file final_26.txt (compact mmCIF, N, CA, C and O atoms)
# COMPACT_ATOMS: atom_id res chain seq x y z
N MET O 1404 -39.81 9.04 -24.86
CA MET O 1404 -39.11 9.07 -23.59
C MET O 1404 -39.17 7.68 -22.98
O MET O 1404 -40.22 7.08 -22.88
N ARG O 1405 -38.04 7.16 -22.58
CA ARG O 1405 -37.93 5.84 -21.98
C ARG O 1405 -38.37 5.89 -20.53
O ARG O 1405 -38.12 6.85 -19.81
N LEU O 1406 -39.06 4.86 -20.06
CA LEU O 1406 -39.55 4.80 -18.68
C LEU O 1406 -38.41 4.43 -17.74
O LEU O 1406 -37.83 3.35 -17.84
N VAL O 1407 -38.08 5.35 -16.84
CA VAL O 1407 -37.07 5.13 -15.80
C VAL O 1407 -37.67 5.60 -14.48
O VAL O 1407 -38.65 6.34 -14.47
N PRO O 1408 -37.11 5.19 -13.33
CA PRO O 1408 -37.67 5.61 -12.05
C PRO O 1408 -37.80 7.12 -11.87
O PRO O 1408 -38.72 7.59 -11.21
N GLN O 1409 -36.94 7.89 -12.49
CA GLN O 1409 -36.98 9.34 -12.31
C GLN O 1409 -38.15 9.99 -13.04
O GLN O 1409 -38.55 11.09 -12.69
N ASN O 1410 -38.72 9.34 -14.06
CA ASN O 1410 -39.79 9.99 -14.80
C ASN O 1410 -41.11 9.21 -14.76
O ASN O 1410 -41.98 9.44 -15.59
N ILE O 1411 -41.27 8.32 -13.81
CA ILE O 1411 -42.48 7.49 -13.78
C ILE O 1411 -43.74 8.32 -13.60
O ILE O 1411 -44.79 8.01 -14.14
N ILE O 1412 -43.67 9.42 -12.87
CA ILE O 1412 -44.84 10.28 -12.65
C ILE O 1412 -45.30 10.91 -13.95
O ILE O 1412 -46.48 11.14 -14.16
N HIS O 1413 -44.38 11.16 -14.86
CA HIS O 1413 -44.69 11.83 -16.13
C HIS O 1413 -44.90 10.84 -17.26
O HIS O 1413 -44.85 11.23 -18.42
N HIS O 1414 -45.11 9.60 -16.95
CA HIS O 1414 -45.17 8.57 -17.99
C HIS O 1414 -46.54 7.90 -18.00
O HIS O 1414 -47.29 7.97 -17.03
N GLU O 1415 -46.86 7.23 -19.08
CA GLU O 1415 -48.09 6.45 -19.19
C GLU O 1415 -48.00 5.24 -18.26
O GLU O 1415 -47.00 4.51 -18.28
N LEU O 1416 -49.03 5.01 -17.43
CA LEU O 1416 -48.98 3.94 -16.44
C LEU O 1416 -49.78 2.70 -16.85
O LEU O 1416 -49.61 1.64 -16.26
N ILE O 1417 -50.64 2.83 -17.85
CA ILE O 1417 -51.43 1.69 -18.28
C ILE O 1417 -50.51 0.61 -18.82
O ILE O 1417 -49.62 0.86 -19.63
N GLY O 1418 -50.70 -0.61 -18.33
CA GLY O 1418 -49.87 -1.74 -18.74
C GLY O 1418 -48.79 -2.09 -17.74
O GLY O 1418 -48.17 -3.15 -17.86
N LEU O 1419 -48.56 -1.23 -16.74
CA LEU O 1419 -47.54 -1.52 -15.74
C LEU O 1419 -48.12 -2.43 -14.65
O LEU O 1419 -49.31 -2.39 -14.35
N ASP O 1420 -47.24 -3.22 -14.05
CA ASP O 1420 -47.63 -4.02 -12.89
C ASP O 1420 -47.63 -3.13 -11.66
O ASP O 1420 -46.73 -2.30 -11.49
N ILE O 1421 -48.63 -3.32 -10.81
CA ILE O 1421 -48.82 -2.46 -9.66
C ILE O 1421 -49.14 -3.30 -8.43
O ILE O 1421 -49.70 -4.39 -8.55
N ARG O 1422 -48.73 -2.80 -7.27
CA ARG O 1422 -49.09 -3.41 -5.99
C ARG O 1422 -49.45 -2.29 -5.03
O ARG O 1422 -48.75 -1.29 -4.94
N VAL O 1423 -50.55 -2.44 -4.32
CA VAL O 1423 -50.97 -1.46 -3.31
C VAL O 1423 -50.26 -1.83 -2.02
O VAL O 1423 -50.44 -2.93 -1.49
N VAL O 1424 -49.43 -0.91 -1.49
CA VAL O 1424 -48.67 -1.23 -0.29
C VAL O 1424 -49.21 -0.54 0.95
O VAL O 1424 -48.99 -1.00 2.06
N ASP O 1425 -49.91 0.56 0.77
CA ASP O 1425 -50.44 1.28 1.93
C ASP O 1425 -51.71 2.00 1.48
O ASP O 1425 -51.67 2.75 0.50
N SER O 1426 -52.80 1.77 2.18
CA SER O 1426 -54.05 2.41 1.80
C SER O 1426 -54.86 2.70 3.05
O SER O 1426 -54.77 1.97 4.05
N THR O 1427 -55.66 3.76 2.99
CA THR O 1427 -56.55 4.06 4.12
C THR O 1427 -57.64 3.00 4.22
O THR O 1427 -58.20 2.79 5.29
N ASN O 1428 -57.95 2.32 3.13
CA ASN O 1428 -58.88 1.20 3.12
C ASN O 1428 -58.05 -0.07 3.21
O ASN O 1428 -57.43 -0.51 2.24
N SER O 1429 -58.02 -0.70 4.38
CA SER O 1429 -57.12 -1.83 4.60
C SER O 1429 -57.45 -3.04 3.73
O SER O 1429 -56.59 -3.90 3.53
N SER O 1430 -58.65 -3.13 3.18
CA SER O 1430 -58.97 -4.26 2.32
C SER O 1430 -58.26 -4.17 0.96
O SER O 1430 -58.19 -5.16 0.23
N LEU O 1431 -57.73 -3.00 0.61
CA LEU O 1431 -57.02 -2.83 -0.66
C LEU O 1431 -55.53 -3.16 -0.55
O LEU O 1431 -54.87 -3.35 -1.57
N ASN O 1432 -55.00 -3.19 0.67
CA ASN O 1432 -53.57 -3.47 0.85
C ASN O 1432 -53.22 -4.84 0.28
O ASN O 1432 -53.91 -5.83 0.51
N GLY O 1433 -52.15 -4.89 -0.48
CA GLY O 1433 -51.66 -6.15 -1.03
C GLY O 1433 -52.21 -6.52 -2.38
O GLY O 1433 -51.82 -7.54 -2.95
N ILE O 1434 -53.13 -5.74 -2.94
CA ILE O 1434 -53.67 -6.05 -4.26
C ILE O 1434 -52.56 -5.91 -5.30
O ILE O 1434 -51.83 -4.93 -5.31
N ARG O 1435 -52.45 -6.92 -6.16
CA ARG O 1435 -51.46 -6.92 -7.23
C ARG O 1435 -52.17 -7.12 -8.55
O ARG O 1435 -53.17 -7.82 -8.62
N GLY O 1436 -51.61 -6.54 -9.58
CA GLY O 1436 -52.17 -6.75 -10.89
C GLY O 1436 -51.57 -5.82 -11.92
O GLY O 1436 -50.50 -5.23 -11.69
N MET O 1437 -52.27 -5.67 -13.04
CA MET O 1437 -51.81 -4.80 -14.11
C MET O 1437 -52.86 -3.71 -14.32
O MET O 1437 -54.06 -3.97 -14.30
N ILE O 1438 -52.38 -2.48 -14.50
CA ILE O 1438 -53.28 -1.35 -14.72
C ILE O 1438 -53.86 -1.48 -16.13
O ILE O 1438 -53.12 -1.55 -17.11
N VAL O 1439 -55.20 -1.48 -16.21
CA VAL O 1439 -55.85 -1.56 -17.51
C VAL O 1439 -56.55 -0.26 -17.89
O VAL O 1439 -56.85 -0.04 -19.07
N ASP O 1440 -56.78 0.61 -16.91
CA ASP O 1440 -57.39 1.90 -17.20
C ASP O 1440 -57.06 2.85 -16.06
O ASP O 1440 -56.80 2.43 -14.93
N GLU O 1441 -57.06 4.16 -16.37
CA GLU O 1441 -56.73 5.17 -15.37
C GLU O 1441 -57.63 6.37 -15.59
O GLU O 1441 -57.84 6.81 -16.71
N THR O 1442 -58.17 6.88 -14.48
CA THR O 1442 -58.91 8.13 -14.52
C THR O 1442 -58.20 9.11 -13.60
O THR O 1442 -57.14 8.80 -13.06
N LYS O 1443 -58.80 10.27 -13.39
CA LYS O 1443 -58.19 11.28 -12.54
C LYS O 1443 -57.99 10.76 -11.11
O LYS O 1443 -56.96 11.01 -10.50
N ASN O 1444 -58.96 10.01 -10.60
CA ASN O 1444 -58.92 9.60 -9.19
C ASN O 1444 -58.76 8.11 -8.96
O ASN O 1444 -58.61 7.68 -7.82
N MET O 1445 -58.80 7.30 -10.01
CA MET O 1445 -58.81 5.85 -9.82
C MET O 1445 -57.92 5.12 -10.82
O MET O 1445 -57.69 5.60 -11.92
N PHE O 1446 -57.46 3.94 -10.37
CA PHE O 1446 -56.84 2.97 -11.26
C PHE O 1446 -57.79 1.79 -11.38
O PHE O 1446 -58.38 1.36 -10.39
N LYS O 1447 -57.92 1.24 -12.57
CA LYS O 1447 -58.62 -0.03 -12.74
C LYS O 1447 -57.54 -1.07 -12.91
O LYS O 1447 -56.75 -1.02 -13.86
N VAL O 1448 -57.48 -2.01 -11.96
CA VAL O 1448 -56.41 -3.00 -11.91
C VAL O 1448 -57.00 -4.37 -12.18
O VAL O 1448 -57.97 -4.78 -11.55
N GLU O 1449 -56.40 -5.08 -13.12
CA GLU O 1449 -56.81 -6.45 -13.43
C GLU O 1449 -55.99 -7.40 -12.58
O GLU O 1449 -54.77 -7.52 -12.75
N THR O 1450 -56.67 -8.07 -11.65
CA THR O 1450 -56.01 -9.08 -10.81
C THR O 1450 -56.22 -10.44 -11.46
O THR O 1450 -56.72 -10.53 -12.57
N ASP O 1451 -55.87 -11.49 -10.76
CA ASP O 1451 -56.01 -12.84 -11.32
C ASP O 1451 -57.45 -13.18 -11.66
O ASP O 1451 -57.71 -13.84 -12.66
N ASP O 1452 -58.40 -12.76 -10.82
CA ASP O 1452 -59.77 -13.20 -11.00
C ASP O 1452 -60.76 -12.11 -11.40
O ASP O 1452 -61.85 -12.41 -11.87
N GLN O 1453 -60.42 -10.83 -11.22
CA GLN O 1453 -61.37 -9.76 -11.53
C GLN O 1453 -60.66 -8.43 -11.70
O GLN O 1453 -59.46 -8.33 -11.50
N GLU O 1454 -61.44 -7.40 -12.06
CA GLU O 1454 -60.92 -6.04 -12.15
C GLU O 1454 -61.38 -5.28 -10.92
O GLU O 1454 -62.54 -5.38 -10.52
N LYS O 1455 -60.47 -4.51 -10.33
CA LYS O 1455 -60.79 -3.75 -9.13
C LYS O 1455 -60.48 -2.28 -9.37
O LYS O 1455 -59.50 -1.95 -10.03
N MET O 1456 -61.30 -1.42 -8.81
CA MET O 1456 -61.07 0.02 -8.87
C MET O 1456 -60.37 0.43 -7.57
O MET O 1456 -60.88 0.16 -6.48
N ILE O 1457 -59.24 1.09 -7.70
CA ILE O 1457 -58.45 1.50 -6.55
C ILE O 1457 -58.28 3.01 -6.59
O ILE O 1457 -57.78 3.55 -7.58
N PRO O 1458 -58.68 3.72 -5.51
CA PRO O 1458 -58.52 5.17 -5.49
C PRO O 1458 -57.04 5.55 -5.34
O PRO O 1458 -56.28 4.88 -4.63
N LYS O 1459 -56.65 6.61 -6.00
CA LYS O 1459 -55.27 7.09 -5.93
C LYS O 1459 -55.00 7.78 -4.59
O LYS O 1459 -53.95 7.59 -3.99
N SER O 1460 -55.95 8.62 -4.16
CA SER O 1460 -55.73 9.35 -2.91
C SER O 1460 -55.83 8.39 -1.74
O SER O 1460 -56.67 7.49 -1.72
N GLY O 1461 -54.98 8.56 -0.78
CA GLY O 1461 -54.97 7.69 0.39
C GLY O 1461 -54.27 6.37 0.17
O GLY O 1461 -54.36 5.48 1.01
N SER O 1462 -53.57 6.20 -0.94
CA SER O 1462 -52.88 4.95 -1.23
C SER O 1462 -51.46 5.21 -1.69
O SER O 1462 -51.16 6.27 -2.22
N SER O 1463 -50.61 4.23 -1.45
CA SER O 1463 -49.25 4.23 -1.99
C SER O 1463 -49.10 2.98 -2.83
O SER O 1463 -49.62 1.92 -2.48
N PHE O 1464 -48.35 3.12 -3.91
CA PHE O 1464 -48.24 2.03 -4.88
C PHE O 1464 -46.78 1.71 -5.15
O PHE O 1464 -45.92 2.57 -5.08
N ILE O 1465 -46.53 0.45 -5.49
CA ILE O 1465 -45.23 0.04 -6.00
C ILE O 1465 -45.44 -0.39 -7.44
O ILE O 1465 -46.22 -1.29 -7.73
N PHE O 1466 -44.75 0.30 -8.36
CA PHE O 1466 -44.79 -0.02 -9.78
C PHE O 1466 -43.56 -0.83 -10.12
O PHE O 1466 -42.46 -0.54 -9.67
N THR O 1467 -43.74 -1.85 -10.95
CA THR O 1467 -42.63 -2.68 -11.40
C THR O 1467 -42.36 -2.36 -12.85
O THR O 1467 -43.23 -2.50 -13.70
N ILE O 1468 -41.14 -1.89 -13.11
CA ILE O 1468 -40.70 -1.58 -14.46
C ILE O 1468 -39.87 -2.75 -14.94
O ILE O 1468 -38.85 -3.08 -14.34
N SER O 1469 -40.31 -3.38 -16.01
CA SER O 1469 -39.56 -4.54 -16.52
C SER O 1469 -38.28 -4.08 -17.20
O SER O 1469 -38.17 -2.94 -17.66
N SER O 1470 -37.35 -4.97 -17.28
CA SER O 1470 -36.06 -4.64 -17.90
C SER O 1470 -35.94 -5.31 -19.26
O SER O 1470 -34.86 -5.66 -19.70
N SER O 1471 -37.07 -5.49 -19.94
CA SER O 1471 -37.04 -6.19 -21.22
C SER O 1471 -36.35 -5.38 -22.31
O SER O 1471 -35.87 -5.94 -23.29
N ASP O 1472 -36.32 -4.08 -22.14
CA ASP O 1472 -35.65 -3.24 -23.14
C ASP O 1472 -34.16 -3.15 -22.84
O ASP O 1472 -33.75 -3.03 -21.70
N GLN O 1473 -33.36 -3.22 -23.86
CA GLN O 1473 -31.94 -2.98 -23.67
C GLN O 1473 -31.72 -1.48 -23.58
O GLN O 1473 -32.37 -0.71 -24.26
N THR O 1474 -30.81 -1.08 -22.73
CA THR O 1474 -30.51 0.33 -22.58
C THR O 1474 -29.56 0.77 -23.68
O THR O 1474 -29.07 -0.03 -24.47
N LYS O 1475 -29.26 2.04 -23.70
CA LYS O 1475 -28.38 2.59 -24.74
C LYS O 1475 -26.99 1.98 -24.70
O LYS O 1475 -26.36 1.81 -25.73
N ASP O 1476 -26.54 1.63 -23.49
CA ASP O 1476 -25.19 1.07 -23.39
C ASP O 1476 -25.16 -0.44 -23.64
O ASP O 1476 -24.13 -1.07 -23.51
N GLY O 1477 -26.32 -1.04 -24.00
CA GLY O 1477 -26.35 -2.45 -24.34
C GLY O 1477 -26.47 -3.38 -23.15
O GLY O 1477 -26.48 -4.59 -23.31
N LYS O 1478 -26.59 -2.85 -21.93
CA LYS O 1478 -26.67 -3.68 -20.73
C LYS O 1478 -28.14 -3.92 -20.37
O LYS O 1478 -29.01 -3.13 -20.67
N ARG O 1479 -28.36 -5.03 -19.70
CA ARG O 1479 -29.70 -5.33 -19.19
C ARG O 1479 -29.66 -5.19 -17.67
O ARG O 1479 -28.69 -5.55 -17.03
N TYR O 1480 -30.75 -4.69 -17.13
CA TYR O 1480 -30.83 -4.48 -15.69
C TYR O 1480 -32.00 -5.28 -15.13
O TYR O 1480 -32.92 -5.66 -15.84
N LEU O 1481 -31.97 -5.52 -13.82
CA LEU O 1481 -33.07 -6.21 -13.15
C LEU O 1481 -34.30 -5.32 -13.13
O LEU O 1481 -34.18 -4.10 -13.21
N PRO O 1482 -35.49 -5.90 -13.00
CA PRO O 1482 -36.70 -5.06 -12.90
C PRO O 1482 -36.60 -4.12 -11.70
O PRO O 1482 -36.05 -4.47 -10.67
N SER O 1483 -37.14 -2.93 -11.85
CA SER O 1483 -37.11 -1.93 -10.80
C SER O 1483 -38.46 -1.83 -10.13
O SER O 1483 -39.50 -1.89 -10.80
N ASN O 1484 -38.47 -1.68 -8.82
CA ASN O 1484 -39.68 -1.43 -8.06
C ASN O 1484 -39.62 0.00 -7.54
O ASN O 1484 -38.67 0.37 -6.87
N ILE O 1485 -40.64 0.79 -7.86
CA ILE O 1485 -40.67 2.19 -7.49
C ILE O 1485 -41.91 2.46 -6.66
O ILE O 1485 -43.02 2.17 -7.11
N LYS O 1486 -41.72 3.02 -5.47
CA LYS O 1486 -42.86 3.37 -4.62
C LYS O 1486 -43.26 4.80 -4.91
O LYS O 1486 -42.43 5.71 -4.94
N VAL O 1487 -44.58 5.01 -5.14
CA VAL O 1487 -45.11 6.33 -5.47
C VAL O 1487 -46.32 6.60 -4.60
O VAL O 1487 -47.20 5.73 -4.47
N ASP O 1488 -46.37 7.79 -4.02
CA ASP O 1488 -47.54 8.23 -3.26
C ASP O 1488 -48.65 8.57 -4.25
O ASP O 1488 -48.42 9.28 -5.22
N GLY O 1489 -49.85 8.09 -3.99
CA GLY O 1489 -50.96 8.30 -4.89
C GLY O 1489 -51.34 9.76 -5.08
O GLY O 1489 -51.90 10.14 -6.11
N ARG O 1490 -51.03 10.61 -4.11
CA ARG O 1490 -51.34 12.04 -4.24
C ARG O 1490 -50.60 12.68 -5.40
O ARG O 1490 -51.07 13.65 -5.99
N LEU O 1491 -49.44 12.15 -5.77
CA LEU O 1491 -48.69 12.68 -6.90
C LEU O 1491 -49.33 12.35 -8.24
O LEU O 1491 -49.01 12.95 -9.25
N LEU O 1492 -50.24 11.40 -8.24
CA LEU O 1492 -50.85 10.92 -9.47
C LEU O 1492 -52.27 11.45 -9.66
O LEU O 1492 -52.95 11.06 -10.60
N LEU O 1493 -52.72 12.34 -8.78
CA LEU O 1493 -54.10 12.84 -8.82
C LEU O 1493 -54.31 13.89 -9.90
O LEU O 1493 -54.68 15.02 -9.62
N LEU O 1494 -54.10 13.53 -11.11
CA LEU O 1494 -54.38 14.36 -12.27
C LEU O 1494 -54.87 13.45 -13.38
O LEU O 1494 -54.64 12.25 -13.36
N GLN O 1495 -55.52 14.04 -14.35
CA GLN O 1495 -55.87 13.25 -15.52
C GLN O 1495 -54.59 12.81 -16.19
O GLN O 1495 -53.62 13.57 -16.24
N PRO O 1496 -54.55 11.58 -16.69
CA PRO O 1496 -53.29 11.07 -17.25
C PRO O 1496 -52.69 11.96 -18.32
O PRO O 1496 -51.48 12.17 -18.35
N GLU O 1497 -53.53 12.53 -19.17
CA GLU O 1497 -52.99 13.38 -20.25
C GLU O 1497 -52.42 14.69 -19.72
O GLU O 1497 -51.53 15.27 -20.33
N ASN O 1498 -52.89 15.15 -18.57
CA ASN O 1498 -52.36 16.38 -17.97
C ASN O 1498 -51.16 16.10 -17.07
O ASN O 1498 -50.26 16.93 -16.95
N ARG O 1499 -51.12 14.94 -16.43
CA ARG O 1499 -50.03 14.61 -15.52
C ARG O 1499 -48.71 14.48 -16.28
O ARG O 1499 -47.65 14.83 -15.79
N ILE O 1500 -48.77 14.01 -17.51
CA ILE O 1500 -47.56 13.80 -18.31
C ILE O 1500 -46.84 15.12 -18.56
O ILE O 1500 -45.62 15.17 -18.61
N GLN O 1501 -47.58 16.22 -18.65
CA GLN O 1501 -46.99 17.52 -18.97
C GLN O 1501 -46.68 18.37 -17.74
O GLN O 1501 -46.04 19.40 -17.86
N THR O 1502 -47.13 17.96 -16.55
CA THR O 1502 -46.99 18.76 -15.34
C THR O 1502 -45.60 18.64 -14.75
O THR O 1502 -45.01 17.57 -14.74
N ARG O 1503 -45.11 19.74 -14.22
CA ARG O 1503 -43.84 19.73 -13.48
C ARG O 1503 -44.15 19.69 -12.00
O ARG O 1503 -45.05 20.37 -11.52
N PHE O 1504 -43.38 18.90 -11.24
CA PHE O 1504 -43.58 18.76 -9.81
C PHE O 1504 -42.39 19.35 -9.08
O PHE O 1504 -41.26 19.28 -9.55
N ARG O 1505 -42.67 19.87 -7.90
CA ARG O 1505 -41.58 20.36 -7.08
C ARG O 1505 -40.78 19.18 -6.55
O ARG O 1505 -41.33 18.12 -6.28
N LYS O 1506 -39.48 19.36 -6.37
CA LYS O 1506 -38.60 18.26 -5.99
C LYS O 1506 -38.92 17.71 -4.61
O LYS O 1506 -38.71 16.54 -4.35
N LYS O 1507 -39.46 18.53 -3.70
CA LYS O 1507 -39.66 18.02 -2.34
C LYS O 1507 -40.73 16.93 -2.26
O LYS O 1507 -40.80 16.19 -1.32
N PHE O 1508 -41.57 16.80 -3.31
CA PHE O 1508 -42.57 15.77 -3.31
C PHE O 1508 -42.07 14.46 -3.91
O PHE O 1508 -42.71 13.45 -3.79
N ARG O 1509 -40.95 14.49 -4.56
CA ARG O 1509 -40.39 13.27 -5.14
C ARG O 1509 -39.61 12.52 -4.09
O ARG O 1509 -39.00 13.10 -3.21
N LYS O 1510 -39.60 11.20 -4.25
CA LYS O 1510 -38.84 10.37 -3.29
C LYS O 1510 -37.67 9.76 -3.98
O LYS O 1510 -37.62 9.53 -5.12

call {"tool": "encode", "arguments": {"input": "final_26.txt", "output": "structure tokens"}}
result
Amino acid sequence: MRLVPQNIIHHELIGLDIRVVDSTNSSLNGIRGMIVDETKNMFKVETDDQEKMIPKSGSSFIFTISSSDQTKDGKRYLPSNIKVDGRLLLLQPENRIQTRFRKKFRK
């Protein structure tokens, strides 16, 4: 399955670029990096100088999907930025991929 904004919740997130845009812990706001590990409740994000653990609950994230892959129609698109509420990601990664979500929680 190809990674598109509509299926990001059901996709593997390790390796994606992430930015924390809203968090109950204000010291986490603005952290940027690449996800190197994921647990049920946390992301391990590699920033320029260190790895940080960021809780999923109480945070909102912007994921950047690169456009390095050509689409089926042969066109290239600009990178996409998708904002996701951390509460939607509060599952083990292997279980989140198979879970169905109600539409009212999607943005």

call {"tool": "closest_atom_pairs", "arguments": {"input": "final_26.txt", "of": "region 1404-1444 of chain O", "to": "region 1498-1501 of chain O", "cutoff": "6 Å", "atoms": "all atoms listed in the file", "output": "Markdown table"}}
result
| residue | atom | partner | partner_atom | distance |
| --- | --- | --- | --- | --- |
| O:Ile1412 | O | O:Arg1499 | O | 4.2 |
| O:His1413 | O | O:Ile1500 | CA | 3.7 |
| O:His1414 | N | O:Ile1500 | CA | 5.0 |

call {"tool": "closest_residue", "arguments": {"input": "final_26.txt", "among": "O:Ile1411, O:Leu1416, O:Met1437, O:Ile1485", "to": "Phe1464 (chain O)", "atoms": "all atoms listed in the file"}}
result
O:Ile1485

call {"tool": "residues_around", "arguments": {"input": "final_26.txt", "residues": "region 1419-1428 of chain O", "least_positions_apart": "6", "cutoff": "10 Å", "atoms": "only C-alpha atoms", "output": "mmCIF file with N, CA, C and O atoms, in the frame of the given file"}}
result
data_model
loop_
_atom_site.group_PDB
_atom_site.id
_atom_site.type_symbol
_atom_site.label_atom_id
_atom_site.label_comp_id
_atom_site.auth_asym_id
_atom_site.auth_seq_id
_atom_site.Cartn_x
_atom_site.Cartn_y
_atom_site.Cartn_z
ATOM 1 N N ILE O 1434 -53.130 -5.740 -2.940
ATOM 2 C CA ILE O 1434 -53.670 -6.050 -4.260
ATOM 3 C C ILE O 1434 -52.560 -5.910 -5.300
ATOM 4 O O ILE O 1434 -51.830 -4.930 -5.310
ATOM 5 N N ARG O 1435 -52.450 -6.920 -6.160
ATOM 6 C CA ARG O 1435 -51.460 -6.920 -7.230
ATOM 7 C C ARG O 1435 -52.170 -7.120 -8.550
ATOM 8 O O ARG O 1435 -53.170 -7.820 -8.620
ATOM 9 N N GLY O 1436 -51.610 -6.540 -9.580
ATOM 10 C CA GLY O 1436 -52.170 -6.750 -10.890
ATOM 11 C C GLY O 1436 -51.570 -5.820 -11.920
ATOM 12 O O GLY O 1436 -50.500 -5.230 -11.690
ATOM 13 N N MET O 1437 -52.270 -5.670 -13.040
ATOM 14 C CA MET O 1437 -51.810 -4.800 -14.110
ATOM 15 C C MET O 1437 -52.860 -3.710 -14.320
ATOM 16 O O MET O 1437 -54.060 -3.970 -14.300
ATOM 17 N N ILE O 1438 -52.380 -2.480 -14.500
ATOM 18 C CA ILE O 1438 -53.280 -1.350 -14.720
ATOM 19 C C ILE O 1438 -53.860 -1.480 -16.130
ATOM 20 O O ILE O 1438 -53.120 -1.550 -17.110
ATOM 21 N N VAL O 1439 -55.200 -1.480 -16.210
ATOM 22 C CA VAL O 1439 -55.850 -1.560 -17.510
ATOM 23 C C VAL O 1439 -56.550 -0.260 -17.890
ATOM 24 O O VAL O 1439 -56.850 -0.040 -19.070
ATOM 25 N N PHE O 1446 -57.460 3.940 -10.370
ATOM 26 C CA PHE O 1446 -56.840 2.970 -11.260
ATOM 27 C C PHE O 1446 -57.790 1.790 -11.380
ATOM 28 O O PHE O 1446 -58.380 1.360 -10.390
ATOM 29 N N VAL O 1448 -57.480 -2.010 -11.960
ATOM 30 C CA VAL O 1448 -56.410 -3.000 -11.910
ATOM 31 C C VAL O 1448 -57.000 -4.370 -12.180
ATOM 32 O O VAL O 1448 -57.970 -4.780 -11.550
ATOM 33 N N GLU O 1449 -56.400 -5.080 -13.120
ATOM 34 C CA GLU O 1449 -56.810 -6.450 -13.430
ATOM 35 C C GLU O 1449 -55.990 -7.400 -12.580
ATOM 36 O O GLU O 1449 -54.770 -7.520 -12.750
ATOM 37 N N THR O 1450 -56.670 -8.070 -11.650
ATOM 38 C CA THR O 1450 -56.010 -9.080 -10.810
ATOM 39 C C THR O 1450 -56.220 -10.440 -11.460
ATOM 40 O O THR O 1450 -56.720 -10.530 -12.570
ATOM 41 N N ILE O 1457 -59.240 1.090 -7.700
ATOM 42 C CA ILE O 1457 -58.450 1.500 -6.550
ATOM 43 C C ILE O 1457 -58.280 3.010 -6.590
ATOM 44 O O ILE O 1457 -57.780 3.550 -7.580
ATOM 45 N N PRO O 1458 -58.680 3.720 -5.510
ATOM 46 C CA PRO O 1458 -58.520 5.170 -5.490
ATOM 47 C C PRO O 1458 -57.040 5.550 -5.340
ATOM 48 O O PRO O 1458 -56.280 4.880 -4.630
ATOM 49 N N LYS O 1459 -56.650 6.610 -6.000
ATOM 50 C CA LYS O 1459 -55.270 7.090 -5.930
ATOM 51 C C LYS O 1459 -55.000 7.780 -4.590
ATOM 52 O O LYS O 1459 -53.950 7.590 -3.990
ATOM 53 N N SER O 1460 -55.950 8.620 -4.160
ATOM 54 C CA SER O 1460 -55.730 9.350 -2.910
ATOM 55 C C SER O 1460 -55.830 8.390 -1.740
ATOM 56 O O SER O 1460 -56.670 7.490 -1.720
ATOM 57 N N GLY O 1461 -54.980 8.560 -0.780
ATOM 58 C CA GLY O 1461 -54.970 7.690 0.390
ATOM 59 C C GLY O 1461 -54.270 6.370 0.170
ATOM 60 O O GLY O 1461 -54.360 5.480 1.010
ATOM 61 N N SER O 1462 -53.570 6.200 -0.940
ATOM 62 C CA SER O 1462 -52.880 4.950 -1.230
ATOM 63 C C SER O 1462 -51.460 5.210 -1.690
ATOM 64 O O SER O 1462 -51.160 6.270 -2.220
ATOM 65 N N SER O 1463 -50.610 4.230 -1.450
ATOM 66 C CA SER O 1463 -49.250 4.230 -1.990
ATOM 67 C C SER O 1463 -49.100 2.980 -2.830
ATOM 68 O O SER O 1463 -49.620 1.920 -2.480
ATOM 69 N N PHE O 1464 -48.350 3.120 -3.910
ATOM 70 C CA PHE O 1464 -48.240 2.030 -4.880
ATOM 71 C C PHE O 1464 -46.780 1.710 -5.150
ATOM 72 O O PHE O 1464 -45.920 2.570 -5.080
ATOM 73 N N ILE O 1465 -46.530 0.450 -5.490
ATOM 74 C CA ILE O 1465 -45.230 0.040 -6.000
ATOM 75 C C ILE O 1465 -45.440 -0.390 -7.440
ATOM 76 O O ILE O 1465 -46.220 -1.290 -7.730
ATOM 77 N N PHE O 1466 -44.750 0.300 -8.360
ATOM 78 C CA PHE O 1466 -44.790 -0.020 -9.780
ATOM 79 C C PHE O 1466 -43.560 -0.830 -10.120
ATOM 80 O O PHE O 1466 -42.460 -0.540 -9.670
ATOM 81 N N THR O 1467 -43.740 -1.850 -10.950
ATOM 82 C CA THR O 1467 -42.630 -2.680 -11.400
ATOM 83 C C THR O 1467 -42.360 -2.360 -12.850
ATOM 84 O O THR O 1467 -43.230 -2.500 -13.700
ATOM 85 N N ILE O 1468 -41.140 -1.890 -13.110
ATOM 86 C CA ILE O 1468 -40.700 -1.580 -14.460
ATOM 87 C C ILE O 1468 -39.870 -2.750 -14.940
ATOM 88 O O ILE O 1468 -38.850 -3.080 -14.340
ATOM 89 N N SER O 1469 -40.310 -3.380 -16.010
ATOM 90 C CA SER O 1469 -39.560 -4.540 -16.520
ATOM 91 C C SER O 1469 -38.280 -4.080 -17.200
ATOM 92 O O SER O 1469 -38.170 -2.940 -17.660
ATOM 93 N N ASN O 1484 -38.470 -1.680 -8.820
ATOM 94 C CA ASN O 1484 -39.680 -1.430 -8.060
ATOM 95 C C ASN O 1484 -39.620 0.000 -7.540
ATOM 96 O O ASN O 1484 -38.670 0.370 -6.870
ATOM 97 N N ILE O 1485 -40.640 0.790 -7.860
ATOM 98 C CA ILE O 1485 -40.670 2.190 -7.490
ATOM 99 C C ILE O 1485 -41.910 2.460 -6.660
ATOM 100 O O ILE O 1485 -43.020 2.170 -7.110
ATOM 101 N N LYS O 1486 -41.720 3.020 -5.470
ATOM 102 C CA LYS O 1486 -42.860 3.370 -4.620
ATOM 103 C C LYS O 1486 -43.260 4.800 -4.910
ATOM 104 O O LYS O 1486 -42.430 5.710 -4.940
ATOM 105 N N VAL O 1487 -44.580 5.010 -5.140
ATOM 106 C CA VAL O 1487 -45.110 6.330 -5.470
ATOM 107 C C VAL O 1487 -46.320 6.600 -4.600
ATOM 108 O O VAL O 1487 -47.200 5.730 -4.470
ATOM 109 N N ASP O 1488 -46.370 7.790 -4.020
ATOM 110 C CA ASP O 1488 -47.540 8.230 -3.260
ATOM 111 C C ASP O 1488 -48.650 8.570 -4.250
ATOM 112 O O ASP O 1488 -48.420 9.280 -5.220
ATOM 113 N N GLY O 1489 -49.850 8.090 -3.990
ATOM 114 C CA GLY O 1489 -50.960 8.300 -4.890
ATOM 115 C C GLY O 1489 -51.340 9.760 -5.080
ATOM 116 O O GLY O 1489 -51.900 10.140 -6.110
#
